[in-house]
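A.B. asks: Below are the C-alpha cells for one structure; questions will follow.
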Amino acid sequence: MERKVYLDNAATTMVRPEVVETMNKYYTELYGNPSSIYEFGQKAKKALGSARETVAGIINADTDEIYFTGSGSEADNWAIKGVAEKYCSKGKHIITSKIEHHAILHSCEYLEKNGFEVTYLEVDEYGMISLDDLKAAIKEETILITIMFANNEIGTIEPVREIGAIAKENNIFFHTDAVQAFGHIPIDVEEMNIDLLSASAHKINGPKGVGMLYIKKGIRLENLIHGGAQERKMRAGTENVPGIMGFAKAVEIAGKTMDESIEKMTVLRDRFMKLIPERIDNAKLNGHPVKRLPGNVNFSFEFIEGESLLLYLDMDGISGSSGSACTSGALDPSHVLMGIGLAHEIAHGSLRLSLSDFNTEEEVDYTVEKLVNVVDRLRQMSPLYTGRRK
Amino acid sequence: MERKVYLDNAATTMVRPEVVETMNKYYTELYGNPSSIYEFGQKAKKALGSARETVAGIINADTDEIYFTGSGSEADNWAIKGVAEKYCSKGKHIITSKIEHHAILHSCEYLEKNGFEVTYLEVDEYGMISLDDLKAAIKEETILITIMFANNEIGTIEPVREIGAIAKENNIFFHTDAVQAFGHIPIDVEEMNIDLLSASAHKINGPKGVGMLYIKKGIRLENLIHGGAQERKMRAGTENVPGIMGFAKAVEIAGKTMDESIEKMTVLRDRFMKLIPERIDNAKLNGHPVKRLPGNVNFSFEFIEGESLLLYLDMDGISGSSGSACTSGALDPSHVLMGIGLAHEIAHGSLRLSLSDFNTEEEVDYTVEKLVNVVDRLRQMSPLYTGRRK
Amino acid sequence: MYTEEVMDHFRNPRNVGEIENANGVGEVGNAQCGDIMKIYLKIEDDIITDVKFLTFGCGSAIASSSMATELIKGKSINVAVELTNKAVIEALGGLPKVKVHCSVLAEQAVNAALHDYAQKTGKKITGLEDFDPDYDVHEHEHEYL
Amino acid sequence: MYTEEVMDHFRNPRNVGEIENANGVGEVGNAQCGDIMKIYLKIEDDIITDVKFLTFGCGSAIASSSMATELIKGKSINVAVELTNKAVIEALGGLPKVKVHCSVLAEQAVNAALHDYAQKTGKKITGLEDFDPDYDVHEHEHEYL
Ligand SMILES: Cc1ncc(COP(=O)(O)O)c(C=O)c1O
Ligand SMILES: Cc1ncc(COP(=O)(O)O)c(C=O)c1O
C-alpha cells in the first residue's frame with residue numbers, strides 16, 4: 001500500500017504542523033503550571049487567556065464563557081448532566097433527537113435512570129428534526145433542549161437558529177453538540193441563541209484530548225469534575241496548556257481559512273456526490289443534499305456490507321468509515337441510519353467519506369475509481385445482488 | 001533573570017524530549033482513530049494496547065485493568081463517584097482523610113450533598129493517618145476507603161499496604177490517589193490490595209491532560225463520561241493516542257530509572273533538609289522526616305509569608321510553591337498544613353520545593369544560598385520578626 | 001484486527017461464485033443482521049467435487065466462507081458435515097470475539113447445503129439430525145464465544 | 001499577575017523599617033489572615049516628615065505599604081488622612097481582585113498611625129471620627145471589590 005487517501009476526517013484529523021510546533025513549545029519550554037505565581041507559571045496563564053480569546057472569537061462568545069475540557073464527550077456529558085443537576089428543581093424533562101452522538105444519547109439515558117424524562121425527536125429522511133415536533137414536545141418541566149449542530153455520520157445541518165429562537169421563547173436552555181460544525185462552518189452563539197455548545201479540537205486538525213464547553217454567562221452548571229480551582233472553579237485538573245494552545249492554534253487557522261476551506265471542500269464533496277451515482281448503480285445519498293457539512297459524503301450501496309467495503313478500500317490506501325454494525329461489533333447498524341429510515345440491509349452497506357482541506361480533486365477521482373471496482377467486486381460476491389454477474 | 005531552577009515538579013513537570021518525539025509521531029503520522037478498522041486506525045489501536053501494557057506493568061496490574069482518562073482529577077472523580085453510584089445499595093459511607101487533594105475532597109463533598117456520609121480522618125503532625133482511627137471509622141455501610149498514596153504538599157507517604165489489608169479484611173473497596181507517587185516510588189496493586197488507583201502523566205515528565213484509573217478486575221463503576229465505546233465502554237471520547245503514547249513513554253522511562261532516580265533525588269532532598277535548618281533559624285520541616293517522597297521538601301519559615309517568598313525566589317530564577325492562602329486567593333492556608341496542626345501564621349510562611357531528576361546538587365546549593373537571603377530580607381521587613389534587625 | 005490468514009482469504013477469497021448444476025445449496029443468515037452466506041455444492045459419489053460461495057457480509061464473513069469452502073473441497077460429505085466453526089477459526093488463525101458468529105454462519109451454511117443435498121437425494125447424513133434450517137446464529141451469539 | 005508598579009514596589013520597597021522616635025504608630029491586620037502592616041510616622045508641624053513600615057504579607061501587601069508611605073510622605077496630616085485604598089490601587093496601576101484587601105489594609109494602617117498620633121497629642125484629625133482600630137478588613141473584604 002503506497003498511496004494514502006485519508007477520508008475519515010469526521011472521525012479524527014491529522015494535527016497541523018503549526019499546531020504541533022505550538023504544542024512542543026509548551027511541552028518542553030513553557031511547561032509551567034498556570035496556577036503558579038512565578039513568572040514561568042504566569043506566562044502559561046497568559047497564554048491560556050489568549051487561547052480562550054481565540055476560541056471564544058470564532059463563535060462570537062465572551063472569553064470567560066469558554067471552559068476547556070478533555071474531550072467533546074466530556075463537554076457533552078457536562079452540559080447535559082450539569083444542567084440537569086442544577087436545574088432539576090425547575091423540571092426534569094429534556095428534549096433531544098434520535099440521531100445525536102452517543103455522548104448525548106447515553107448521557108440522556110443515564111439521566112432517565114435517575115428520574116428524568118427525555119423526549120427523542122424523530123428526524124425526516126434527511127436527518128432533519130421538525131420544528132413543529134420540537135414545539136409540541138415542550139412542556140412546563142422542560143429544562144433543556146439539546147440538538148446537534150451537524151450530524152457526524154450524514155452531515156445534515158440542523159435548523160439551529162430556529163431551535164435557538166424556540167428555546168429562548170420558552171425560556172429553556174439550548175445546548176448544541178457542535179463537535180462536527182465548530183471551526184468548519186460559521187457559528188454565532190449570540191445570534192443563534194445558543195446557551196451551551198460543545199466542541200472538540202481533534203476534529204479541526206488540533207490535538208486529541210482537548211475539548212471545550214461554551215457556557216453563556218449567567219448559567220450555572222454542577223461540575224462534572226470536582227477538585228482544584230481551574231477553569232474558574234468549574235472544571236478541575238491542571239490545565240492542559242500545550243493541548244489548549246494547540247487547540248487555539250487550530251481554531252485560529254480554521255477561522256482564517258474557513259471561507260476558502262468551505263469552498264474547496266464543497267467542490268470536492270459535490271464532485272463525489274455527482275460521480276458516485278453516475279458510476280455506481282443503486283447508490284443512495286444519505287443526509288441532506290444541500291444542508292450538509294461541506295466535508296461530508298455518505299452513500300449506501302445496495303447488496304454489500306460496509307466493513308468489507310472499508311477493508312477493500314483500505315487495500316487501495318483509502319480510509320473511510322461506515323455505519324455498519326460490523327464495524328462496531330454491534331448487532332444493529334448505526335442509530336443515525338436507522339433514524340433516517342434506512343432498511344437494515346441498506347444501512348449495512350453505507351460509506352462515509354469525510355474531507356479535510358488537505359484533500360485534492362485528484363484524490364476524489366482516485367477514490368471514485370477504486371470505489372467503482374470495490375463495489376462491483378463485492379456485489380459479484382453477494383448473494384443479494386440482482387445485477388449482471390460476470 | 002538568567003538562571004532557571006525549576007523546583008515545582010509536584011505541580012507539573014517538563015515533558016521529556018523522548019516523550020515529545022513519541023507524541024509528535026502520533027500527531028502527524030499515525031493520527032488514525034483506533035476505533036477505525038482500516039490499517040491506519042488499527043496501528044493506533046495496537047499502539048494503545050502496548051501503552052496500556054506499559055502503564056499496567058509499573059504497578060503490577062493487568063493490561064485490561066487500566067483505563068485512560070483526561071487527568072488525575074478525572075480519575076479521582078470517576079473512582080469515587082463511580083463506586084458510590086454503583087454500590088450505594090450496599091451502603092453510603094466513605095472514609096477518606098483531611099489532607100487529600102481537592103479532587104478527592106470536593107468529590108466527597110459532592111456526594112455528601114447527595115446523601116452520602118463521609119468520614120474525614122485526622123492525621124498526625126507528620127500527615128500520617130492512624131490505622132486505629134481507620135478501623136474505628138469502618139461501619140456496616142462503608143463502601144469505599146480513599147486515602148492518598150503520598151501527599152502532594154508535604155510528601156508524606158501513607159501506610160498504603162496496611163490500609164489495603166484493612167480494606168480487604170472488611171470487604172471494602174480501597175482507592176488511592178497515587179498522582180504524586182505513581183512512577184516515582186514502587187507500587188504493587190496486587191501486593192498492596194489496591195482496588196482503584198489514580199495517576200496523572202504530567203507529574204512524571206509526561207504530557208498534561210492524560211491520566212489513568214486502575215480498576216481491579218471485577219469492580220464495576222458507573223461511567224463518569226458516557227458516550228462511545230472507547231476504553232471498553234467505560235470512558236467515552238476519541239482516545240488521546242498521542243497523549244497516551246507519551247504517558248506510556250514517560251512511564252517506561254520512569255520504570256527504568258526509578259531506583260537511580262530515587263537515590264539521586266533523596267540525596268538532593270536530604271541536602272535541602274540538612275542545609276536549610278542549618279542556615280536559617282526558625283525553619284520547621286513539614287511532613288515526615290523519612291516516610292516522604294524522594295522529591296519533596298517542605299519548610300515553614302516563621303515571621304514571613306509564602307507568596308512574597310515565592311516572588312523573591314522567582315526573581316532569582318527559582319520556581320517553588322507555597323501553601324499560603326495568598327497564593328490561591330483563599331482566606332485560609334492550605335488544608336494540608338492546617339491538617340498537620342500548623343498555626344495559621346506558620347502555615348502562611350511555608351515553601352514547597354519539589355525535585356525531578358533533572359535537578360542538580362549545584363542547584364540545591366544555589367537555592368539554599370538565595371533562600372537564606374530572601375528569608376532574611378522578608379524577616380527584616382516583618383513586624384513579627386523577633387530576631388536581630390539590621 | 002484480523003490475522004494474516006483472515007486477510008489473505010478476504011483479499012483473495014477462494015471459490016467465489018455459483019455452481020449452475022449444484023446438487024446442494026444452502027443459505028443462512030439474513031440481510032438485517034448484515035450477513036448472508038450461500039454455499040453451492042457439487043457432490044459426486046459422496047465426495048464434494050466442487051464448492052462455491054456467495055457472501056454478503058463483513059471481512060470475516062467473507063474469509064470464513066472462503067476458508068470453509070477450502071476445508072470441505074474434495075472431502076467426503078461425512079467429513080464435511082463434521083466441520084465446526086472452531087475448525088474455521090483455527091484455520092484462520094483466530095477471529096475477534098465479536099466476529100465469532102461469522103464462523104458459525106459458515107458452519108451453518110455448509111450444513112444447510114448438505115441438508116439440501118440430503119433432502120434432494122433422499123440420503124441420510126449422520127450429524128445432520130439436529131439441523132435446524134431456521135436457526136439464527138445472531139440470537140445465540142454468546143454461546144459460541 | 002501584578003503590574004510593573006506593584007513589582008517595582010515589591011522588589012524595591014520604599015521606606016522599610018522602624019522610626020525610633022515615631023510619634024504615631026499604627027498596626028493593622030493579623031498573622032492568622034496572613035498580613036500585618038505596621039506604620040511609623042514622624043510628624044512635625046502637622047507634616048509627615050518621615051514614614052516607615054514593616055509588613056508581614058504577600059507581594060501586594062508589601063507593595064501597598066510601600067506605595068502608601070510614598071503617597072503620604074511630606075504631606076500634611078489632613079491630606080494623609082484622606083488617603084484611600086483606591087488611591088493606592090491607582091498608584092500601583094491596579095491590583096488583582098483577590099488582593100484588593102491589601103490596599104485597604106494600607107489605608108487602615110495609615111489611619112491607625114494617625115489615630116495614634118492624635119491620641120498621643122490630643123489633636124483632632126478630621127476624617128478619623130469613625131476610625132475603628134479593631135476593624136478587620138478580612139471580614140469585610142467583599143465591600144471593597
Ligand atoms: C495528589 C494529587 N491528586 C490529584 C491531582 C490532580 O491531577 P491533575 O492535575 O492531573 O488533574 C494532583 C495534582 O494536581 C495531585 O497532586
Ligand atoms: C457529533 C459528535 N459529538 C461528540 C463527539 C465526541 O468527541 P470526542 O471524541 O472528542 O470526545 C464526536 C466525535 O467523536 C462527534 O462527532
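A note on labels: chains of the C-alpha cells are A, B, ... as shown, every chain counts residues from 1, and ligands are counted from 1 in their shown order.
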Using all C-alpha atoms paired in order, least-squares fit chain C onto chain D and give me the moved copy as an mmCIF file with C-alpha atoms, in the first residue's frame.

C.D. replies:
```
data_model
loop_
_atom_site.group_PDB
_atom_site.id
_atom_site.type_symbol
_atom_site.label_atom_id
_atom_site.label_comp_id
_atom_site.auth_asym_id
_atom_site.auth_seq_id
_atom_site.Cartn_x
_atom_site.Cartn_y
_atom_site.Cartn_z
ATOM 1 C CA MET C 1 -0.487 38.785 37.994
ATOM 2 C CA TYR C 2 0.939 42.070 39.262
ATOM 3 C CA THR C 3 1.546 45.314 37.375
ATOM 4 C CA GLU C 4 5.012 46.696 36.828
ATOM 5 C CA GLU C 5 4.399 49.293 39.558
ATOM 6 C CA VAL C 6 3.434 46.631 42.071
ATOM 7 C CA MET C 7 6.496 44.602 41.194
ATOM 8 C CA ASP C 8 8.701 47.656 41.416
ATOM 9 C CA HIS C 9 7.436 48.504 44.901
ATOM 10 C CA PHE C 10 7.665 44.877 45.918
ATOM 11 C CA ARG C 11 11.186 44.440 44.572
ATOM 12 C CA ASN C 12 12.424 47.724 46.011
ATOM 13 C CA PRO C 13 10.065 48.657 48.763
ATOM 14 C CA ARG C 14 10.449 52.302 49.862
ATOM 15 C CA ASN C 15 10.549 53.311 53.499
ATOM 16 C CA VAL C 16 11.094 49.919 55.068
ATOM 17 C CA GLY C 17 11.964 49.927 58.734
ATOM 18 C CA GLU C 18 11.132 51.456 62.072
ATOM 19 C CA ILE C 19 11.354 55.043 63.302
ATOM 20 C CA GLU C 20 12.745 55.059 66.791
ATOM 21 C CA ASN C 21 11.155 58.260 67.956
ATOM 22 C CA ALA C 22 7.964 57.960 65.911
ATOM 23 C CA ASN C 23 5.088 59.951 67.285
ATOM 24 C CA GLY C 24 2.426 57.918 65.511
ATOM 25 C CA VAL C 25 2.446 54.129 65.134
ATOM 26 C CA GLY C 26 -0.350 52.005 63.738
ATOM 27 C CA GLU C 27 -0.642 48.264 63.256
ATOM 28 C CA VAL C 28 -3.479 46.499 61.475
ATOM 29 C CA GLY C 29 -4.269 43.025 60.216
ATOM 30 C CA ASN C 30 -3.388 39.789 61.949
ATOM 31 C CA ALA C 31 -1.009 36.918 61.406
ATOM 32 C CA GLN C 32 -3.829 34.444 61.125
ATOM 33 C CA CYS C 33 -5.051 36.043 57.953
ATOM 34 C CA GLY C 34 -1.559 36.343 56.611
ATOM 35 C CA ASP C 35 -1.009 40.079 56.644
ATOM 36 C CA ILE C 36 0.026 42.627 59.220
ATOM 37 C CA MET C 37 1.084 46.189 58.471
ATOM 38 C CA LYS C 38 2.762 48.482 60.907
ATOM 39 C CA ILE C 39 3.338 52.131 60.015
ATOM 40 C CA TYR C 40 5.590 54.558 61.830
ATOM 41 C CA LEU C 41 5.073 58.314 61.426
ATOM 42 C CA LYS C 42 7.342 61.180 62.339
ATOM 43 C CA ILE C 43 5.113 64.256 62.335
ATOM 44 C CA GLU C 44 6.381 67.794 62.737
ATOM 45 C CA ASP C 45 4.070 70.839 62.429
ATOM 46 C CA ASP C 46 1.286 68.664 61.021
ATOM 47 C CA ILE C 47 3.626 67.487 58.284
ATOM 48 C CA ILE C 48 4.693 63.880 57.927
ATOM 49 C CA THR C 49 8.438 64.379 57.758
ATOM 50 C CA ASP C 50 9.249 60.696 57.882
ATOM 51 C CA VAL C 51 7.363 57.445 57.496
ATOM 52 C CA LYS C 52 8.427 53.800 57.610
ATOM 53 C CA PHE C 53 6.691 50.483 57.549
ATOM 54 C CA LEU C 54 7.049 46.842 58.468
ATOM 55 C CA THR C 55 4.837 44.360 56.736
ATOM 56 C CA PHE C 56 4.178 40.663 57.055
ATOM 57 C CA GLY C 57 2.275 39.689 53.982
ATOM 58 C CA CYS C 58 2.129 38.904 50.339
ATOM 59 C CA GLY C 59 3.630 40.815 47.457
ATOM 60 C CA SER C 60 0.751 43.204 47.135
ATOM 61 C CA ALA C 61 0.725 43.831 50.893
ATOM 62 C CA ILE C 62 4.358 44.886 50.725
ATOM 63 C CA ALA C 63 3.817 46.944 47.591
ATOM 64 C CA SER C 64 0.714 48.596 49.050
ATOM 65 C CA SER C 65 2.619 49.512 52.212
ATOM 66 C CA SER C 66 5.455 50.914 50.193
ATOM 67 C CA MET C 67 3.166 52.906 47.930
ATOM 68 C CA ALA C 68 1.056 54.212 50.813
ATOM 69 C CA THR C 69 4.109 55.489 52.636
ATOM 70 C CA GLU C 70 5.301 57.210 49.474
ATOM 71 C CA LEU C 71 1.922 58.824 48.978
ATOM 72 C CA ILE C 72 1.847 60.398 52.434
ATOM 73 C CA LYS C 73 5.495 61.252 52.909
ATOM 74 C CA GLY C 74 5.932 65.023 53.189
ATOM 75 C CA LYS C 75 2.182 65.533 53.177
ATOM 76 C CA SER C 76 0.189 67.232 55.894
ATOM 77 C CA ILE C 77 -1.805 64.979 58.184
ATOM 78 C CA ASN C 78 -5.037 66.396 56.751
ATOM 79 C CA VAL C 79 -4.015 65.260 53.318
ATOM 80 C CA ALA C 80 -2.680 61.907 54.583
ATOM 81 C CA VAL C 81 -5.929 61.082 56.322
ATOM 82 C CA GLU C 82 -7.700 61.320 52.977
ATOM 83 C CA LEU C 83 -5.635 58.511 51.491
ATOM 84 C CA THR C 84 -7.983 55.820 50.199
ATOM 85 C CA ASN C 85 -7.319 52.271 49.193
ATOM 86 C CA LYS C 86 -8.466 53.269 45.710
ATOM 87 C CA ALA C 87 -5.693 55.840 45.522
ATOM 88 C CA VAL C 88 -3.180 53.163 46.485
ATOM 89 C CA ILE C 89 -4.553 50.799 43.855
ATOM 90 C CA GLU C 90 -4.473 53.514 41.233
ATOM 91 C CA ALA C 91 -0.948 54.499 42.050
ATOM 92 C CA LEU C 92 0.013 50.828 41.760
ATOM 93 C CA GLY C 93 -1.636 50.580 38.372
ATOM 94 C CA GLY C 94 -4.200 48.125 39.713
ATOM 95 C CA LEU C 95 -4.342 45.074 41.968
ATOM 96 C CA PRO C 96 -5.885 41.643 41.356
ATOM 97 C CA LYS C 97 -9.371 41.370 42.829
ATOM 98 C CA VAL C 98 -8.313 38.918 45.515
ATOM 99 C CA LYS C 99 -5.600 41.361 46.609
ATOM 100 C CA VAL C 100 -7.727 44.470 46.991
ATOM 101 C CA HIS C 101 -7.852 43.968 50.757
ATOM 102 C CA CYS C 102 -4.099 44.670 50.875
ATOM 103 C CA SER C 103 -4.718 48.237 49.744
ATOM 104 C CA VAL C 104 -7.454 48.560 52.342
ATOM 105 C CA LEU C 105 -5.011 47.376 54.962
ATOM 106 C CA ALA C 106 -2.586 50.075 53.883
ATOM 107 C CA GLU C 107 -5.265 52.750 54.180
ATOM 108 C CA GLN C 108 -6.167 51.383 57.594
ATOM 109 C CA ALA C 109 -2.560 51.288 58.739
ATOM 110 C CA VAL C 110 -2.066 54.949 57.848
ATOM 111 C CA ASN C 111 -5.260 55.851 59.663
ATOM 112 C CA ALA C 112 -4.222 53.804 62.682
ATOM 113 C CA ALA C 113 -0.891 55.607 62.859
ATOM 114 C CA LEU C 114 -2.603 58.985 62.514
ATOM 115 C CA HIS C 115 -5.121 57.944 65.147
ATOM 116 C CA ASP C 116 -2.272 57.017 67.450
ATOM 117 C CA TYR C 117 -0.653 60.380 66.828
ATOM 118 C CA ALA C 118 -3.957 62.165 67.504
ATOM 119 C CA GLN C 119 -4.452 60.272 70.722
ATOM 120 C CA LYS C 120 -0.939 60.906 71.937
ATOM 121 C CA THR C 121 -0.996 64.598 71.111
ATOM 122 C CA GLY C 122 -4.644 65.279 71.870
ATOM 123 C CA LYS C 123 -5.107 66.662 68.354
ATOM 124 C CA LYS C 124 -8.289 66.161 66.390
ATOM 125 C CA ILE C 125 -7.890 64.992 62.825
ATOM 126 C CA THR C 126 -10.975 65.473 60.687
ATOM 127 C CA GLY C 127 -11.845 62.219 58.957
ATOM 128 C CA LEU C 128 -10.824 59.909 61.788
ATOM 129 C CA GLU C 129 -14.081 60.189 63.715
ATOM 130 C CA ASP C 130 -15.295 56.828 62.483
ATOM 131 C CA PHE C 131 -11.959 55.104 62.786
ATOM 132 C CA ASP C 132 -12.260 51.718 64.431
ATOM 133 C CA PRO C 133 -8.899 50.293 65.458
ATOM 134 C CA ASP C 134 -10.404 46.799 65.719
ATOM 135 C CA TYR C 135 -11.976 46.776 62.291
ATOM 136 C CA ASP C 136 -10.957 43.650 60.394
ATOM 137 C CA VAL C 137 -10.762 44.095 56.671
ATOM 138 C CA HIS C 138 -10.743 40.341 56.096
ATOM 139 C CA GLU C 139 -14.280 40.086 57.348
ATOM 140 C CA HIS C 140 -15.434 42.823 54.986
ATOM 141 C CA GLU C 141 -13.362 41.952 51.984
ATOM 142 C CA HIS C 142 -16.181 41.906 49.468
ATOM 143 C CA GLU C 143 -17.145 45.501 50.241
ATOM 144 C CA TYR C 144 -14.044 46.814 48.573
ATOM 145 C CA LEU C 145 -14.232 44.855 45.367
#
```

A.B. asks: Which residues in range 40-120 of chain C does DSSP call alpha helix (DSSP H)? List them as a ChimeraX atom specification.

C.D. replies: /C:59-72,77-80,85-91,100-120

A.B. asks: Output N, CA and C atoms for every residue in the selection just made, as a short mmCIF file (atom, residue, chain, number, x, y, z; two decimals), in the first residue's frame.

C.D. replies:
```cif
data_model
loop_
_atom_site.label_atom_id
_atom_site.label_comp_id
_atom_site.auth_asym_id
_atom_site.auth_seq_id
_atom_site.Cartn_x
_atom_site.Cartn_y
_atom_site.Cartn_z
N GLY C 59 -15.68 -8.55 6.53
CA GLY C 59 -14.44 -9.21 6.15
C GLY C 59 -14.33 -10.62 6.68
N SER C 60 -14.69 -10.81 7.92
CA SER C 60 -14.54 -12.15 8.49
C SER C 60 -15.61 -13.09 7.96
N ALA C 61 -16.75 -12.56 7.53
CA ALA C 61 -17.77 -13.41 6.92
C ALA C 61 -17.26 -13.94 5.59
N ILE C 62 -16.65 -13.06 4.83
CA ILE C 62 -16.09 -13.48 3.53
C ILE C 62 -14.94 -14.46 3.75
N ALA C 63 -14.06 -14.14 4.67
CA ALA C 63 -12.92 -15.03 4.93
C ALA C 63 -13.39 -16.38 5.46
N SER C 64 -14.38 -16.37 6.34
CA SER C 64 -14.89 -17.63 6.89
C SER C 64 -15.51 -18.49 5.78
N SER C 65 -16.26 -17.84 4.89
CA SER C 65 -16.85 -18.58 3.76
C SER C 65 -15.75 -19.20 2.93
N SER C 66 -14.77 -18.39 2.61
CA SER C 66 -13.68 -18.86 1.77
C SER C 66 -12.96 -20.03 2.43
N MET C 67 -12.65 -19.87 3.70
CA MET C 67 -11.93 -20.93 4.41
C MET C 67 -12.78 -22.20 4.51
N ALA C 68 -14.06 -22.03 4.81
CA ALA C 68 -14.92 -23.20 4.96
C ALA C 68 -14.99 -23.98 3.66
N THR C 69 -15.11 -23.26 2.56
CA THR C 69 -15.18 -23.98 1.27
C THR C 69 -13.87 -24.71 1.01
N GLU C 70 -12.76 -24.10 1.34
CA GLU C 70 -11.47 -24.77 1.16
C GLU C 70 -11.37 -26.03 2.02
N LEU C 71 -11.91 -25.94 3.21
CA LEU C 71 -11.79 -27.06 4.15
C LEU C 71 -12.62 -28.27 3.74
N ILE C 72 -13.67 -28.03 2.96
CA ILE C 72 -14.52 -29.18 2.60
C ILE C 72 -14.34 -29.64 1.15
N ILE C 77 -18.78 -36.19 2.14
CA ILE C 77 -19.81 -35.46 2.87
C ILE C 77 -19.78 -35.80 4.36
N ASN C 78 -19.34 -36.99 4.72
CA ASN C 78 -19.28 -37.36 6.13
C ASN C 78 -18.18 -36.61 6.87
N VAL C 79 -17.16 -36.25 6.15
CA VAL C 79 -16.11 -35.42 6.75
C VAL C 79 -16.59 -33.96 6.78
N ALA C 80 -17.20 -33.51 5.70
CA ALA C 80 -17.65 -32.12 5.59
C ALA C 80 -18.66 -31.78 6.68
N ASN C 85 -17.32 -24.56 13.57
CA ASN C 85 -16.88 -23.15 13.49
C ASN C 85 -15.49 -23.02 14.11
N LYS C 86 -15.20 -23.83 15.10
CA LYS C 86 -13.88 -23.78 15.74
C LYS C 86 -12.80 -24.12 14.74
N ALA C 87 -13.08 -25.11 13.89
CA ALA C 87 -12.09 -25.50 12.89
C ALA C 87 -11.83 -24.35 11.92
N VAL C 88 -12.91 -23.65 11.58
CA VAL C 88 -12.77 -22.50 10.67
C VAL C 88 -11.91 -21.42 11.35
N ILE C 89 -12.24 -21.15 12.60
CA ILE C 89 -11.48 -20.13 13.34
C ILE C 89 -10.01 -20.52 13.42
N GLU C 90 -9.78 -21.78 13.75
CA GLU C 90 -8.39 -22.23 13.86
C GLU C 90 -7.64 -22.08 12.56
N ALA C 91 -8.30 -22.52 11.50
CA ALA C 91 -7.65 -22.44 10.19
C ALA C 91 -7.35 -20.99 9.81
N VAL C 100 -16.95 -13.99 15.92
CA VAL C 100 -17.03 -15.44 16.00
C VAL C 100 -18.28 -15.95 15.29
N HIS C 101 -19.36 -15.18 15.34
CA HIS C 101 -20.60 -15.65 14.71
C HIS C 101 -20.42 -15.87 13.20
N CYS C 102 -19.47 -15.21 12.59
CA CYS C 102 -19.22 -15.40 11.16
C CYS C 102 -18.80 -16.85 10.88
N SER C 103 -17.97 -17.38 11.77
CA SER C 103 -17.50 -18.76 11.58
C SER C 103 -18.66 -19.73 11.81
N VAL C 104 -19.54 -19.36 12.73
CA VAL C 104 -20.72 -20.20 12.97
C VAL C 104 -21.60 -20.20 11.74
N LEU C 105 -21.74 -19.02 11.16
CA LEU C 105 -22.53 -18.92 9.92
C LEU C 105 -21.96 -19.83 8.84
N ALA C 106 -20.65 -19.87 8.74
CA ALA C 106 -20.02 -20.70 7.72
C ALA C 106 -20.32 -22.17 7.97
N GLU C 107 -20.20 -22.59 9.22
CA GLU C 107 -20.54 -23.97 9.58
C GLU C 107 -21.99 -24.27 9.21
N GLN C 108 -22.85 -23.33 9.56
CA GLN C 108 -24.28 -23.49 9.27
C GLN C 108 -24.55 -23.55 7.77
N ALA C 109 -23.85 -22.74 7.02
CA ALA C 109 -24.08 -22.70 5.57
C ALA C 109 -23.70 -24.04 4.94
N VAL C 110 -22.59 -24.60 5.40
CA VAL C 110 -22.17 -25.91 4.88
C VAL C 110 -23.22 -26.95 5.23
N ASN C 111 -23.66 -26.93 6.48
CA ASN C 111 -24.68 -27.88 6.90
C ASN C 111 -25.97 -27.71 6.10
N ALA C 112 -26.33 -26.46 5.86
CA ALA C 112 -27.57 -26.20 5.11
C ALA C 112 -27.46 -26.76 3.70
N ALA C 113 -26.30 -26.61 3.09
CA ALA C 113 -26.11 -27.12 1.73
C ALA C 113 -26.14 -28.65 1.74
N LEU C 114 -25.50 -29.24 2.75
CA LEU C 114 -25.52 -30.70 2.86
C LEU C 114 -26.95 -31.18 3.12
N HIS C 115 -27.65 -30.47 3.96
CA HIS C 115 -29.04 -30.80 4.27
C HIS C 115 -29.88 -30.78 2.99
N ASP C 116 -29.65 -29.75 2.20
CA ASP C 116 -30.36 -29.61 0.93
C ASP C 116 -30.06 -30.81 0.03
N TYR C 117 -28.80 -31.15 -0.02
CA TYR C 117 -28.38 -32.30 -0.83
C TYR C 117 -29.06 -33.58 -0.33
N ALA C 118 -29.06 -33.76 0.99
CA ALA C 118 -29.68 -34.94 1.59
C ALA C 118 -31.17 -35.00 1.26
N GLN C 119 -31.81 -33.87 1.37
CA GLN C 119 -33.24 -33.83 1.08
C GLN C 119 -33.52 -34.16 -0.38
N LYS C 120 -32.74 -33.55 -1.25
CA LYS C 120 -32.95 -33.77 -2.68
C LYS C 120 -32.68 -35.21 -3.09
#
```

A.B. asks: Could you jot down the CA of Val210 in chain B to CA of Glu239 in chain A separation for me, Å, one decimal place?

C.D. replies: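 These two atoms are separated by 10.7 Å.
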
A.B. asks: Neighbours of range 306-316 of chain B within 10 Å (only C-alpha atoms; same-chain residues fewer than 6 positions away dropped), as an MDAnalysis selection string?

C.D. replies: (chainID A and resid 36:40) or (chainID B and resid 1:6 300 322:328 333 346:352 366:367 370:371 373:375 377:378) or (chainID D and resid 7 10:11 34 56:62)

A.B. asks: Given only C-alpha atoms and all ligand atoms, how would the per-residue table for chain A near ligand 1 read, listing every residue at most 8 Å away with its closest atom pair and distance in Å to one decimal, sorted by chain and number, as a tab-separated table?

C.D. replies:
```
residue	atom	partner	partner_atom_place_in_ligand_line	distance
A:Gly227	CA	ligand 1	6 (C)	7.7
A:Gly228	CA	ligand 1	14 (O)	7.6
A:Ala236	CA	ligand 1	11 (O)	6.5
A:Gly237	CA	ligand 1	11 (O)	3.3
A:Thr238	CA	ligand 1	9 (O)	3.6
A:Glu239	CA	ligand 1	9 (O)	7.1
```

A.B. asks: Please give me, as number ranges by chain, the residues lying within 9 Å of ligand 2 when counting only C-alpha atoms and all ligand atoms.

C.D. replies: A: 10-12, 70-76, 100-104, 148-153, 177-181, 198-203, 208-211; B: 227-228, 236-240

A.B. asks: Determine which residues of range 27-145 of chain D DSSP labels as strand (DSSP E) from the backbone of this structure, then write them out as a list in words.

C.D. replies: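 So the strand (DSSP E) residues in range 27-145 of chain D would be Glu27, Val28, Gly29, Asn30, Asp35, Ile36, Met37, Lys38, Ile39, Tyr40, Leu41, Lys42, Ile43, Glu44, Ile47, Ile48, Thr49, Asp50, Val51, Lys52, Phe53, Leu54, Thr55 and Phe56 of chain D.
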
A.B. asks: Quick one: contact table of chain B to chain D, 6 Å max, nearest atom pair and distance in Å to one decimal per residue, counting only C-alpha atoms, chain and number order, as CSV?

C.D. replies:
```
residue,atom,partner,partner_atom,distance
B:Ile304,CA,D:Phe56,CA,5.8
B:Glu305,CA,D:Gly57,CA,5.2
B:Glu307,CA,D:Cys58,CA,5.1
B:Ser308,CA,D:Cys58,CA,4.8
B:Gly329,CA,D:Val98,CA,5.5
B:His344,CA,D:Gln32,CA,4.8
B:Glu345,CA,D:Ala31,CA,5.0
B:Met381,CA,D:Leu54,CA,5.0
B:Ser382,CA,D:Phe56,CA,4.7
B:Pro383,CA,D:Leu54,CA,5.1
```
